[in-house]
Amino acid sequence: MGDTVHQFFAVKAKIAAAEQEARREAGAVTLVAVSKTFDAAEIRPVIEAGQRVFGENRVQEAQGKWPDLKQAFADIELHLIGPLQSNKAKEAVALFDVIETVDREKIAAELAKEIARQGRAPKLYVQVNTGSEPQKAGIKPREAVAFVARCRDVHGLAIEGLMCIPPADENPGPHFALLEKLAREAGVEKLSMGMSGDYETAIAFGATSVRIGSAIFGSR
Ligand SMILES: *Cc1c(COP(=O)(O)O)cnc(C)c1O
């Protein structure tokens, strides 16, 4: 077994253990395998080992490798986890099955337009900048609940969940707790939180999906 596949199974086992530890149902947490910077030849063994849900942070990079893989494996679910520019909304709606980074009015409007035009509706999450970091994408926590409502009421978009990336130098627990609270207030079910360094903590705080790159594919 290659390193990557070995690490993939190790991560799966740790997710299962963390679910049990947190008294969550087995299988409650979806693994999003983050394959950014890795090419199709490196991704394929993980698909063949049974993984179907993947995350990419750039539309253009994903367009270079995923159309062929999606053709070969029909049940792939591809998540966009990086910032979306409004001039890429068309490509994003065409390729991705879940877009986790809706974070402003203009993107919501563009996505609504493309979804209507293409007749293809990816699931949508709102990204929340839980640490209010100036350089980071995501809507401010105090605007998040109203923004989810505006996506629905003004743009006709069904938002299914929230996503966050806590500040790198802080204890992530309070950020996961904040995201969980905002999701409850906004009335959405899905919580995308937790990466290679903190996914077990995120599972304890109620993550429904964890986005894991380097613990599976190695350092970038
Ligand atoms: C790269 C990335 C990840 C995965 O990070 P790792 O630390 O390698 O697990 C998760 N979420 C987002 C938004 C990313 O860009």
# chains A, B, ... in the order shown; residues from 1 in each chain; ligands from 1
$ residues_around --residues "region 193-197 of chain A" --least-positions-apart "6" --cutoff "10 Å" --atoms "only C-alpha atoms" --output "MDAnalysis selection string"
chainID A and resid 11 32:34 162:166 168 172:173 175:176 179:180 203 205:216
$ write_last_selection --atoms "C-alpha atoms" --output "short mmCIF file (atom, residue, chain, number, x, y, z; two decimals), in the first residue's frame"
data_model
loop_
_atom_site.label_atom_id
_atom_site.label_comp_id
_atom_site.auth_asym_id
_atom_site.auth_seq_id
_atom_site.Cartn_x
_atom_site.Cartn_y
_atom_site.Cartn_z
CA VAL A 11 -7.28 9.34 9.04
CA VAL A 32 -13.43 15.87 2.52
CA ALA A 33 -9.99 14.85 1.21
CA VAL A 34 -8.23 18.09 0.18
CA LEU A 162 -21.42 27.05 7.46
CA MET A 163 -17.67 26.73 7.03
CA CYS A 164 -14.75 28.29 8.91
CA ILE A 165 -10.96 28.33 9.04
CA PRO A 166 -9.88 29.41 12.55
CA ALA A 168 -3.68 29.58 12.68
CA PRO A 172 -9.62 26.44 17.51
CA GLY A 173 -12.25 25.25 20.01
CA HIS A 175 -14.10 29.19 16.80
CA PHE A 176 -15.77 25.82 16.26
CA LEU A 179 -19.67 28.37 14.12
CA GLU A 180 -21.95 25.79 15.72
CA ILE A 203 -15.59 16.58 15.62
CA PHE A 205 -17.64 20.48 18.60
CA GLY A 206 -20.10 19.01 16.10
CA ALA A 207 -18.36 19.13 12.69
CA THR A 208 -20.38 17.30 10.04
CA SER A 209 -17.44 17.41 7.64
CA VAL A 210 -13.69 17.81 8.09
CA ARG A 211 -11.35 19.05 5.34
CA ILE A 212 -8.11 17.13 5.47
CA GLY A 213 -5.19 17.59 3.10
CA SER A 214 -1.67 17.13 4.40
CA ALA A 215 -2.48 14.30 6.84
CA ILE A 216 -3.49 12.25 3.79
#
$ residues_around --residues "region 143-149 of chain A" --least-positions-apart "4" --cutoff "12 Å" --atoms "only C-alpha atoms" --output "PyMOL selection string"
chain A and resi 102-108+124-130+132+138-139+153-164+178-188
$ write_last_selection --atoms "N, CA and C atoms" --output "compact mmCIF listing (two decimals), in the first residue's frame"
# COMPACT_ATOMS: atom_id res chain seq x y z
N VAL A 102 -19.35 30.73 -0.03
CA VAL A 102 -20.22 31.86 -0.30
C VAL A 102 -20.04 32.85 0.86
N ASP A 103 -19.63 34.08 0.56
CA ASP A 103 -19.32 34.99 1.67
C ASP A 103 -19.67 36.45 1.41
N ARG A 104 -20.32 36.71 0.28
CA ARG A 104 -20.75 38.10 0.05
C ARG A 104 -21.88 38.15 -0.97
N GLU A 105 -22.55 39.28 -0.91
CA GLU A 105 -23.74 39.52 -1.73
C GLU A 105 -23.48 39.28 -3.22
N LYS A 106 -22.36 39.80 -3.71
CA LYS A 106 -22.09 39.72 -5.14
C LYS A 106 -21.93 38.27 -5.60
N ILE A 107 -21.27 37.46 -4.76
CA ILE A 107 -21.10 36.04 -5.10
C ILE A 107 -22.46 35.33 -5.08
N ALA A 108 -23.27 35.66 -4.07
CA ALA A 108 -24.61 35.05 -3.99
C ALA A 108 -25.41 35.35 -5.26
N LEU A 124 -24.67 24.67 -1.15
CA LEU A 124 -23.95 25.89 -0.79
C LEU A 124 -23.78 26.03 0.71
N TYR A 125 -22.56 26.43 1.12
CA TYR A 125 -22.29 26.78 2.51
C TYR A 125 -21.81 28.24 2.53
N VAL A 126 -22.02 28.89 3.64
CA VAL A 126 -21.49 30.24 3.85
C VAL A 126 -20.22 30.15 4.68
N GLN A 127 -19.16 30.79 4.20
CA GLN A 127 -17.91 30.83 4.96
C GLN A 127 -17.96 31.99 5.95
N VAL A 128 -17.64 31.69 7.21
CA VAL A 128 -17.64 32.70 8.27
C VAL A 128 -16.20 32.91 8.74
N ASN A 129 -15.81 34.17 8.80
CA ASN A 129 -14.46 34.55 9.26
C ASN A 129 -14.53 34.69 10.78
N THR A 130 -14.51 33.53 11.46
CA THR A 130 -14.79 33.52 12.91
C THR A 130 -13.78 34.33 13.71
N SER A 132 -12.47 37.12 12.60
CA SER A 132 -12.49 38.48 12.04
C SER A 132 -11.10 38.92 11.59
N GLY A 138 -14.52 35.27 4.07
CA GLY A 138 -15.59 34.88 4.97
C GLY A 138 -16.35 36.09 5.48
N ILE A 139 -17.62 35.87 5.77
CA ILE A 139 -18.45 36.96 6.29
C ILE A 139 -18.18 37.10 7.79
N ASP A 153 -33.82 34.57 0.93
CA ASP A 153 -34.97 35.43 0.63
C ASP A 153 -34.76 36.33 -0.59
N VAL A 154 -33.54 36.83 -0.75
CA VAL A 154 -33.28 37.76 -1.85
C VAL A 154 -32.81 37.01 -3.09
N HIS A 155 -31.96 35.99 -2.90
CA HIS A 155 -31.34 35.33 -4.06
C HIS A 155 -31.92 33.95 -4.35
N GLY A 156 -32.80 33.47 -3.49
CA GLY A 156 -33.40 32.16 -3.73
C GLY A 156 -32.43 31.00 -3.59
N LEU A 157 -31.37 31.20 -2.81
CA LEU A 157 -30.36 30.15 -2.64
C LEU A 157 -30.58 29.41 -1.32
N ALA A 158 -30.61 28.10 -1.39
CA ALA A 158 -30.71 27.29 -0.17
C ALA A 158 -29.30 27.11 0.40
N ILE A 159 -29.05 27.64 1.57
CA ILE A 159 -27.75 27.45 2.23
C ILE A 159 -27.89 26.26 3.17
N GLU A 160 -26.96 25.30 3.02
CA GLU A 160 -27.07 24.07 3.83
C GLU A 160 -26.17 24.08 5.05
N GLY A 161 -25.15 24.92 5.04
CA GLY A 161 -24.22 24.86 6.16
C GLY A 161 -23.31 26.06 6.25
N LEU A 162 -22.43 26.01 7.26
CA LEU A 162 -21.42 27.05 7.46
C LEU A 162 -20.04 26.41 7.45
N MET A 163 -19.06 27.20 7.09
CA MET A 163 -17.67 26.73 7.03
C MET A 163 -16.78 27.77 7.69
N CYS A 164 -15.72 27.33 8.38
CA CYS A 164 -14.75 28.29 8.91
C CYS A 164 -13.33 27.74 8.88
N LEU A 178 -18.33 28.81 18.11
CA LEU A 178 -19.02 29.97 17.52
C LEU A 178 -19.73 29.55 16.23
N LEU A 179 -19.05 28.79 15.39
CA LEU A 179 -19.67 28.37 14.12
C LEU A 179 -20.92 27.52 14.38
N GLU A 180 -20.81 26.65 15.37
CA GLU A 180 -21.95 25.79 15.72
C GLU A 180 -23.14 26.62 16.19
N LYS A 181 -22.86 27.63 16.99
CA LYS A 181 -23.92 28.50 17.50
C LYS A 181 -24.58 29.30 16.35
N LEU A 182 -23.74 29.83 15.45
CA LEU A 182 -24.28 30.59 14.32
C LEU A 182 -25.13 29.70 13.41
N ALA A 183 -24.70 28.45 13.23
CA ALA A 183 -25.48 27.54 12.38
C ALA A 183 -26.85 27.27 13.00
N ARG A 184 -26.87 27.11 14.32
CA ARG A 184 -28.15 26.91 15.00
C ARG A 184 -29.04 28.13 14.81
N GLU A 185 -28.49 29.32 14.99
CA GLU A 185 -29.28 30.55 14.84
C GLU A 185 -29.77 30.73 13.41
N ALA A 186 -28.94 30.33 12.46
CA ALA A 186 -29.30 30.50 11.05
C ALA A 186 -30.21 29.37 10.56
N GLY A 187 -30.33 28.32 11.35
CA GLY A 187 -31.17 27.19 10.96
C GLY A 187 -30.57 26.34 9.85
N VAL A 188 -29.24 26.17 9.85
CA VAL A 188 -28.60 25.29 8.86
C VAL A 188 -27.93 24.11 9.57
$ residues_around --residues "Val5 (chain A)" --least-positions-apart "3" --cutoff "9 Å" --atoms "only C-alpha atoms" --output "PDB file with all heavy atoms, in the first residue's frame"
ATOM      1  N   MET A   1       0.848  -1.199   0.000  1.00  0.00           N
ATOM      2  CA  MET A   1       0.000   0.000   0.000  1.00  0.00           C
ATOM      3  C   MET A   1       0.882   1.248   0.000  1.00  0.00           C
ATOM      4  O   MET A   1       1.842   1.320   0.760  1.00  0.00           O
ATOM      5  CB  MET A   1      -0.861  -0.013   1.267  1.00  0.00           C
ATOM      6  CG  MET A   1      -2.239   0.560   1.076  1.00  0.00           C
ATOM      7  SD  MET A   1      -3.101   0.851   2.634  1.00  0.00           S
ATOM      8  CE  MET A   1      -3.095  -0.761   3.398  1.00  0.00           C
ATOM      9  N   GLY A   2       0.578   2.218  -0.861  1.00  0.00           N
ATOM     10  CA  GLY A   2       1.356   3.465  -0.884  1.00  0.00           C
ATOM     11  C   GLY A   2       1.133   4.271   0.384  1.00  0.00           C
ATOM     12  O   GLY A   2       0.170   4.044   1.108  1.00  0.00           O
ATOM     13  N   PHE A   8      -4.517   7.731   4.350  1.00  0.00           N
ATOM     14  CA  PHE A   8      -5.968   7.877   4.188  1.00  0.00           C
ATOM     15  C   PHE A   8      -6.711   6.953   5.166  1.00  0.00           C
ATOM     16  O   PHE A   8      -7.609   7.393   5.898  1.00  0.00           O
ATOM     17  CB  PHE A   8      -6.357   7.578   2.737  1.00  0.00           C
ATOM     18  CG  PHE A   8      -7.809   7.246   2.531  1.00  0.00           C
ATOM     19  CD1 PHE A   8      -8.799   8.193   2.743  1.00  0.00           C
ATOM     20  CD2 PHE A   8      -8.189   5.965   2.126  1.00  0.00           C
ATOM     21  CE1 PHE A   8     -10.143   7.877   2.560  1.00  0.00           C
ATOM     22  CE2 PHE A   8      -9.525   5.643   1.947  1.00  0.00           C
ATOM     23  CZ  PHE A   8     -10.502   6.599   2.168  1.00  0.00           C
ATOM     24  N   PHE A   9      -6.293   5.691   5.235  1.00  0.00           N
ATOM     25  CA  PHE A   9      -6.971   4.762   6.152  1.00  0.00           C
ATOM     26  C   PHE A   9      -6.738   5.137   7.618  1.00  0.00           C
ATOM     27  O   PHE A   9      -7.635   4.985   8.455  1.00  0.00           O
ATOM     28  CB  PHE A   9      -6.556   3.315   5.871  1.00  0.00           C
ATOM     29  CG  PHE A   9      -7.228   2.729   4.661  1.00  0.00           C
ATOM     30  CD1 PHE A   9      -6.487   2.295   3.573  1.00  0.00           C
ATOM     31  CD2 PHE A   9      -8.618   2.632   4.594  1.00  0.00           C
ATOM     32  CE1 PHE A   9      -7.117   1.771   2.438  1.00  0.00           C
ATOM     33  CE2 PHE A   9      -9.254   2.108   3.471  1.00  0.00           C
ATOM     34  CZ  PHE A   9      -8.490   1.678   2.389  1.00  0.00           C
ATOM     35  N   ALA A  10      -5.546   5.667   7.910  1.00  0.00           N
ATOM     36  CA  ALA A  10      -5.272   6.096   9.286  1.00  0.00           C
ATOM     37  C   ALA A  10      -6.186   7.264   9.686  1.00  0.00           C
ATOM     38  O   ALA A  10      -6.722   7.292  10.804  1.00  0.00           O
ATOM     39  CB  ALA A  10      -3.800   6.494   9.426  1.00  0.00           C
ATOM     40  N   PRO A  45      -5.248   6.778  -6.455  1.00  0.00           N
ATOM     41  CA  PRO A  45      -5.218   5.653  -5.497  1.00  0.00           C
ATOM     42  C   PRO A  45      -6.164   5.846  -4.305  1.00  0.00           C
ATOM     43  O   PRO A  45      -6.697   4.860  -3.782  1.00  0.00           O
ATOM     44  CB  PRO A  45      -3.759   5.633  -5.018  1.00  0.00           C
ATOM     45  CG  PRO A  45      -2.990   6.321  -6.082  1.00  0.00           C
ATOM     46  CD  PRO A  45      -3.910   7.350  -6.678  1.00  0.00           C
ATOM     47  N   VAL A  46      -6.375   7.102  -3.917  1.00  0.00           N
ATOM     48  CA  VAL A  46      -7.292   7.375  -2.796  1.00  0.00           C
ATOM     49  C   VAL A  46      -8.738   7.130  -3.242  1.00  0.00           C
ATOM     50  O   VAL A  46      -9.551   6.606  -2.471  1.00  0.00           O
ATOM     51  CB  VAL A  46      -7.075   8.818  -2.264  1.00  0.00           C
ATOM     52  CG1 VAL A  46      -8.024   9.127  -1.121  1.00  0.00           C
ATOM     53  CG2 VAL A  46      -5.622   8.994  -1.825  1.00  0.00           C
ATOM     54  N   ALA A  49      -9.216   3.513  -3.269  1.00  0.00           N
ATOM     55  CA  ALA A  49      -9.345   2.975  -1.904  1.00  0.00           C
ATOM     56  C   ALA A  49     -10.730   3.252  -1.323  1.00  0.00           C
ATOM     57  O   ALA A  49     -11.025   2.853  -0.194  1.00  0.00           O
ATOM     58  CB  ALA A  49      -8.266   3.576  -1.002  1.00  0.00           C
ATOM     59  N   ILE A 216      -3.293  13.330   4.754  1.00  0.00           N
ATOM     60  CA  ILE A 216      -3.490  12.248   3.791  1.00  0.00           C
ATOM     61  C   ILE A 216      -2.423  12.284   2.685  1.00  0.00           C
ATOM     62  O   ILE A 216      -1.731  11.301   2.442  1.00  0.00           O
ATOM     63  CB  ILE A 216      -4.893  12.339   3.141  1.00  0.00           C
ATOM     64  CG1 ILE A 216      -5.991  12.161   4.198  1.00  0.00           C
ATOM     65  CG2 ILE A 216      -5.037  11.299   2.021  1.00  0.00           C
ATOM     66  CD1 ILE A 216      -7.394  12.450   3.697  1.00  0.00           C
ATOM     67  N   PHE A 217      -2.306  13.440   2.049  1.00  0.00           N
ATOM     68  CA  PHE A 217      -1.464  13.522   0.839  1.00  0.00           C
ATOM     69  C   PHE A 217      -0.011  13.899   1.142  1.00  0.00           C
ATOM     70  O   PHE A 217       0.835  13.839   0.256  1.00  0.00           O
ATOM     71  CB  PHE A 217      -2.064  14.530  -0.145  1.00  0.00           C
ATOM     72  CG  PHE A 217      -3.355  14.064  -0.778  1.00  0.00           C
ATOM     73  CD1 PHE A 217      -4.577  14.536  -0.315  1.00  0.00           C
ATOM     74  CD2 PHE A 217      -3.351  13.142  -1.813  1.00  0.00           C
ATOM     75  CE1 PHE A 217      -5.765  14.098  -0.891  1.00  0.00           C
ATOM     76  CE2 PHE A 217      -4.519  12.705  -2.392  1.00  0.00           C
ATOM     77  CZ  PHE A 217      -5.745  13.181  -1.932  1.00  0.00           C
TER      78      PHE A 217
END
$ select_by_dssp --residues "region 71-159 of chain A" --states "helix (DSSP H, G or I)" --output "PyMOL selection string"
chain A and resi 71-72+86-95+105-118+141-153
$ closest_residue --among "A:Ala16, A:Ile81, A:Ala121, A:Val59" --to "ligand 1" --atoms "only C-alpha atoms and all ligand atoms"
A:Ile81
$ residues_around --residues "Pro67 (chain A)" --least-positions-apart "2" --cutoff "12 Å" --atoms "only C-alpha atoms" --output "list of chain:residue names"
A:Ala40, A:Val59, A:Gln60, A:Glu61, A:Ala62, A:Gln63, A:Gly64, A:Lys65, A:Leu69, A:Lys70, A:Gln71, A:Ala72, A:Phe73, A:Ala74, A:Ile76, A:Glu77, A:Leu78, A:Glu91, A:Ala94, A:Leu95, A:Phe96
$ write_last_selection --atoms "N, CA and C atoms" --output "PDB file, in the first residue's frame"
ATOM      1  N   ALA A  40      -3.647  14.192 -10.660  1.00  0.00           N
ATOM      2  CA  ALA A  40      -4.584  13.067 -10.786  1.00  0.00           C
ATOM      3  C   ALA A  40      -3.932  11.735 -10.422  1.00  0.00           C
ATOM      4  N   VAL A  59     -10.514  27.143  -8.552  1.00  0.00           N
ATOM      5  CA  VAL A  59     -11.382  26.679  -9.638  1.00  0.00           C
ATOM      6  C   VAL A  59     -10.541  26.204 -10.821  1.00  0.00           C
ATOM      7  N   GLN A  60      -9.570  27.017 -11.196  1.00  0.00           N
ATOM      8  CA  GLN A  60      -8.793  26.701 -12.398  1.00  0.00           C
ATOM      9  C   GLN A  60      -7.986  25.406 -12.238  1.00  0.00           C
ATOM     10  N   GLU A  61      -7.372  25.252 -11.078  1.00  0.00           N
ATOM     11  CA  GLU A  61      -6.607  24.023 -10.827  1.00  0.00           C
ATOM     12  C   GLU A  61      -7.532  22.798 -10.883  1.00  0.00           C
ATOM     13  N   ALA A  62      -8.709  22.930 -10.300  1.00  0.00           N
ATOM     14  CA  ALA A  62      -9.659  21.810 -10.287  1.00  0.00           C
ATOM     15  C   ALA A  62     -10.114  21.459 -11.699  1.00  0.00           C
ATOM     16  N   GLN A  63     -10.278  22.494 -12.528  1.00  0.00           N
ATOM     17  CA  GLN A  63     -10.706  22.242 -13.915  1.00  0.00           C
ATOM     18  C   GLN A  63      -9.675  21.429 -14.684  1.00  0.00           C
ATOM     19  N   GLY A  64      -8.421  21.515 -14.261  1.00  0.00           N
ATOM     20  CA  GLY A  64      -7.357  20.798 -14.949  1.00  0.00           C
ATOM     21  C   GLY A  64      -7.324  19.311 -14.638  1.00  0.00           C
ATOM     22  N   LYS A  65      -7.869  18.887 -13.522  1.00  0.00           N
ATOM     23  CA  LYS A  65      -7.744  17.467 -13.182  1.00  0.00           C
ATOM     24  C   LYS A  65      -9.059  16.751 -12.917  1.00  0.00           C
ATOM     25  N   LEU A  69     -11.440  12.756 -13.926  1.00  0.00           N
ATOM     26  CA  LEU A  69     -11.659  11.861 -12.783  1.00  0.00           C
ATOM     27  C   LEU A  69     -13.152  11.666 -12.530  1.00  0.00           C
ATOM     28  N   LYS A  70     -13.924  12.747 -12.709  1.00  0.00           N
ATOM     29  CA  LYS A  70     -15.375  12.636 -12.512  1.00  0.00           C
ATOM     30  C   LYS A  70     -16.010  11.749 -13.576  1.00  0.00           C
ATOM     31  N   GLN A  71     -15.436  11.783 -14.749  1.00  0.00           N
ATOM     32  CA  GLN A  71     -15.938  10.913 -15.811  1.00  0.00           C
ATOM     33  C   GLN A  71     -15.656   9.443 -15.479  1.00  0.00           C
ATOM     34  N   ALA A  72     -14.475   9.203 -14.923  1.00  0.00           N
ATOM     35  CA  ALA A  72     -14.062   7.827 -14.611  1.00  0.00           C
ATOM     36  C   ALA A  72     -14.795   7.274 -13.378  1.00  0.00           C
ATOM     37  N   PHE A  73     -15.121   8.163 -12.433  1.00  0.00           N
ATOM     38  CA  PHE A  73     -15.786   7.739 -11.182  1.00  0.00           C
ATOM     39  C   PHE A  73     -17.014   8.626 -11.004  1.00  0.00           C
ATOM     40  N   ALA A  74     -18.182   8.093 -11.355  1.00  0.00           N
ATOM     41  CA  ALA A  74     -19.381   8.928 -11.489  1.00  0.00           C
ATOM     42  C   ALA A  74     -19.868   9.516 -10.167  1.00  0.00           C
ATOM     43  N   ILE A  76     -18.180  10.844  -7.613  1.00  0.00           N
ATOM     44  CA  ILE A  76     -17.316  11.823  -6.944  1.00  0.00           C
ATOM     45  C   ILE A  76     -18.150  13.034  -6.523  1.00  0.00           C
ATOM     46  N   GLU A  77     -17.854  13.561  -5.324  1.00  0.00           N
ATOM     47  CA  GLU A  77     -18.482  14.811  -4.865  1.00  0.00           C
ATOM     48  C   GLU A  77     -17.357  15.814  -4.626  1.00  0.00           C
ATOM     49  N   LEU A  78     -17.336  16.868  -5.424  1.00  0.00           N
ATOM     50  CA  LEU A  78     -16.220  17.820  -5.377  1.00  0.00           C
ATOM     51  C   LEU A  78     -16.640  19.113  -4.670  1.00  0.00           C
ATOM     52  N   GLU A  91     -17.819  28.742 -14.009  1.00  0.00           N
ATOM     53  CA  GLU A  91     -17.012  27.519 -13.986  1.00  0.00           C
ATOM     54  C   GLU A  91     -17.255  26.740 -12.691  1.00  0.00           C
ATOM     55  N   ALA A  94     -20.494  24.857 -12.779  1.00  0.00           N
ATOM     56  CA  ALA A  94     -20.436  23.744 -13.739  1.00  0.00           C
ATOM     57  C   ALA A  94     -19.690  22.537 -13.175  1.00  0.00           C
ATOM     58  N   LEU A  95     -18.666  22.775 -12.336  1.00  0.00           N
ATOM     59  CA  LEU A  95     -17.782  21.679 -11.919  1.00  0.00           C
ATOM     60  C   LEU A  95     -18.044  21.154 -10.507  1.00  0.00           C
ATOM     61  N   PHE A  96     -18.348  22.056  -9.562  1.00  0.00           N
ATOM     62  CA  PHE A  96     -18.389  21.643  -8.159  1.00  0.00           C
ATOM     63  C   PHE A  96     -19.775  21.154  -7.749  1.00  0.00           C
TER      64      PHE A  96
END
$ select_by_dssp --residues "chain A" --states "strand (DSSP E or B)" --output "compact mmCIF listing (two decimals) with N, CA, C and O atoms, in the first residue's frame"
# COMPACT_ATOMS: atom_id res chain seq x y z
N THR A 30 -18.32 13.50 7.56
CA THR A 30 -17.84 13.24 6.20
C THR A 30 -16.40 13.72 6.06
O THR A 30 -16.08 14.86 6.43
N LEU A 31 -15.55 12.88 5.51
CA LEU A 31 -14.19 13.28 5.21
C LEU A 31 -14.14 13.93 3.83
O LEU A 31 -14.51 13.30 2.83
N VAL A 32 -13.72 15.20 3.80
CA VAL A 32 -13.43 15.87 2.52
C VAL A 32 -11.91 15.81 2.35
O VAL A 32 -11.17 16.46 3.10
N ALA A 33 -11.44 15.00 1.43
CA ALA A 33 -9.99 14.85 1.21
C ALA A 33 -9.52 16.01 0.33
O ALA A 33 -9.98 16.17 -0.81
N VAL A 34 -8.65 16.86 0.89
CA VAL A 34 -8.23 18.09 0.18
C VAL A 34 -7.02 17.79 -0.70
O VAL A 34 -5.92 17.55 -0.20
N VAL A 53 -15.28 11.95 -1.71
CA VAL A 53 -15.51 13.38 -1.49
C VAL A 53 -14.16 14.09 -1.41
O VAL A 53 -13.30 13.72 -0.60
N PHE A 54 -13.96 15.08 -2.28
CA PHE A 54 -12.69 15.78 -2.37
C PHE A 54 -12.89 17.28 -2.33
O PHE A 54 -13.95 17.80 -2.68
N GLY A 55 -11.85 18.00 -1.89
CA GLY A 55 -11.90 19.45 -1.83
C GLY A 55 -10.75 20.06 -2.60
O GLY A 55 -9.62 19.55 -2.56
N GLU A 56 -11.04 21.15 -3.30
CA GLU A 56 -10.02 21.92 -4.02
C GLU A 56 -10.22 23.38 -3.68
O GLU A 56 -11.35 23.82 -3.46
N GLU A 77 -17.85 13.56 -5.32
CA GLU A 77 -18.48 14.81 -4.86
C GLU A 77 -17.36 15.81 -4.63
O GLU A 77 -16.52 15.62 -3.74
N LEU A 78 -17.34 16.87 -5.42
CA LEU A 78 -16.22 17.82 -5.38
C LEU A 78 -16.64 19.11 -4.67
O LEU A 78 -17.65 19.73 -5.04
N HIS A 79 -15.85 19.50 -3.67
CA HIS A 79 -16.15 20.70 -2.88
C HIS A 79 -15.17 21.83 -3.23
O HIS A 79 -13.96 21.60 -3.24
N LEU A 80 -15.70 23.02 -3.44
CA LEU A 80 -14.84 24.20 -3.55
C LEU A 80 -14.68 24.79 -2.15
O LEU A 80 -15.66 25.18 -1.51
N VAL A 98 -20.42 20.98 -4.26
CA VAL A 98 -20.65 21.77 -3.06
C VAL A 98 -19.71 22.98 -3.13
O VAL A 98 -18.52 22.81 -3.40
N ILE A 99 -20.24 24.17 -2.90
CA ILE A 99 -19.42 25.38 -2.83
C ILE A 99 -19.50 25.89 -1.40
O ILE A 99 -20.58 26.27 -0.94
N GLU A 100 -18.36 25.83 -0.70
CA GLU A 100 -18.37 26.09 0.75
C GLU A 100 -18.04 27.54 1.10
O GLU A 100 -17.97 27.88 2.27
N THR A 101 -17.81 28.38 0.08
CA THR A 101 -17.18 29.68 0.34
C THR A 101 -18.03 30.86 -0.11
O THR A 101 -17.50 31.89 -0.50
N VAL A 102 -19.35 30.73 -0.03
CA VAL A 102 -20.22 31.86 -0.30
C VAL A 102 -20.04 32.85 0.86
O VAL A 102 -20.20 32.47 2.02
N LYS A 123 -24.68 22.31 -3.85
CA LYS A 123 -25.05 22.66 -2.48
C LYS A 123 -24.15 23.82 -2.05
O LYS A 123 -23.01 23.93 -2.50
N LEU A 124 -24.67 24.67 -1.15
CA LEU A 124 -23.95 25.89 -0.79
C LEU A 124 -23.78 26.03 0.71
O LEU A 124 -24.72 25.79 1.47
N TYR A 125 -22.56 26.43 1.12
CA TYR A 125 -22.29 26.78 2.51
C TYR A 125 -21.81 28.24 2.53
O TYR A 125 -21.21 28.72 1.57
N VAL A 126 -22.02 28.89 3.64
CA VAL A 126 -21.49 30.24 3.85
C VAL A 126 -20.22 30.15 4.68
O VAL A 126 -20.19 29.48 5.73
N GLN A 127 -19.16 30.79 4.20
CA GLN A 127 -17.91 30.83 4.96
C GLN A 127 -17.96 31.99 5.95
O GLN A 127 -18.28 33.12 5.59
N VAL A 128 -17.64 31.69 7.21
CA VAL A 128 -17.64 32.70 8.27
C VAL A 128 -16.20 32.91 8.74
O VAL A 128 -15.48 31.97 9.05
N ILE A 139 -17.62 35.87 5.77
CA ILE A 139 -18.45 36.96 6.29
C ILE A 139 -18.18 37.10 7.79
O ILE A 139 -17.81 36.15 8.47
N ILE A 159 -29.05 27.64 1.57
CA ILE A 159 -27.75 27.45 2.23
C ILE A 159 -27.89 26.26 3.17
O ILE A 159 -28.80 26.22 4.00
N GLU A 160 -26.96 25.30 3.02
CA GLU A 160 -27.07 24.07 3.83
C GLU A 160 -26.17 24.08 5.05
O GLU A 160 -26.38 23.28 5.97
N GLY A 161 -25.15 24.92 5.04
CA GLY A 161 -24.22 24.86 6.16
C GLY A 161 -23.31 26.06 6.25
O GLY A 161 -23.39 26.98 5.44
N LEU A 162 -22.43 26.01 7.26
CA LEU A 162 -21.42 27.05 7.46
C LEU A 162 -20.04 26.41 7.45
O LEU A 162 -19.88 25.24 7.79
N MET A 163 -19.06 27.20 7.09
CA MET A 163 -17.67 26.73 7.03
C MET A 163 -16.78 27.77 7.69
O MET A 163 -17.07 28.97 7.61
N LYS A 190 -25.30 21.82 8.33
CA LYS A 190 -23.94 21.33 8.07
C LYS A 190 -22.88 22.26 8.65
O LYS A 190 -23.00 23.48 8.57
N LEU A 191 -21.84 21.64 9.20
CA LEU A 191 -20.72 22.39 9.78
C LEU A 191 -19.42 21.86 9.21
O LEU A 191 -18.97 20.77 9.58
N SER A 192 -18.81 22.63 8.29
CA SER A 192 -17.53 22.23 7.71
C SER A 192 -16.42 22.89 8.51
O SER A 192 -16.17 24.10 8.37
N SER A 209 -18.49 17.81 8.57
CA SER A 209 -17.44 17.41 7.64
C SER A 209 -16.13 18.04 8.08
O SER A 209 -16.11 19.11 8.69
N VAL A 210 -15.03 17.32 7.80
CA VAL A 210 -13.69 17.81 8.09
C VAL A 210 -12.92 17.83 6.77
O VAL A 210 -13.11 16.96 5.92
N ARG A 211 -12.09 18.87 6.60
CA ARG A 211 -11.35 19.05 5.34
C ARG A 211 -9.88 18.73 5.59
O ARG A 211 -9.18 19.51 6.21
N ILE A 212 -9.44 17.59 5.10
CA ILE A 212 -8.11 17.13 5.47
C ILE A 212 -7.23 16.92 4.24
O ILE A 212 -7.57 16.15 3.35
$ closest_residue --among "A:Ala109, A:Ala89, A:Ala137, A:Ala26" --to "ligand 1" --atoms "only C-alpha atoms and all ligand atoms"
A:Ala137
$ closest_residue --among "A:Gln20, A:Asn57, A:Thr37, A:Thr4" --to "ligand 1" --atoms "only C-alpha atoms and all ligand atoms"
A:Asn57
$ atom_distance --atom1 "CA of Gly82 (chain A)" --atom2 "atom 11 (N, counted along the ligand's line) of ligand 1"
7.6 Å
$ decode --residues "region 103-114 of chain A" --atoms "C-alpha atoms" --output "compact mmCIF listing (two decimals), in the first residue's frame"
# COMPACT_ATOMS: atom_id res chain seq x y z
CA ASP A 103 -19.32 34.99 1.67
CA ARG A 104 -20.75 38.10 0.05
CA GLU A 105 -23.74 39.52 -1.73
CA LYS A 106 -22.09 39.72 -5.14
CA ILE A 107 -21.10 36.04 -5.10
CA ALA A 108 -24.61 35.05 -3.99
CA ALA A 109 -26.09 37.01 -6.90
CA GLU A 110 -23.66 35.52 -9.45
CA LEU A 111 -24.26 31.98 -8.17
CA ALA A 112 -28.03 32.45 -8.35
CA LYS A 113 -27.71 33.63 -11.94
CA GLU A 114 -25.50 30.72 -12.99
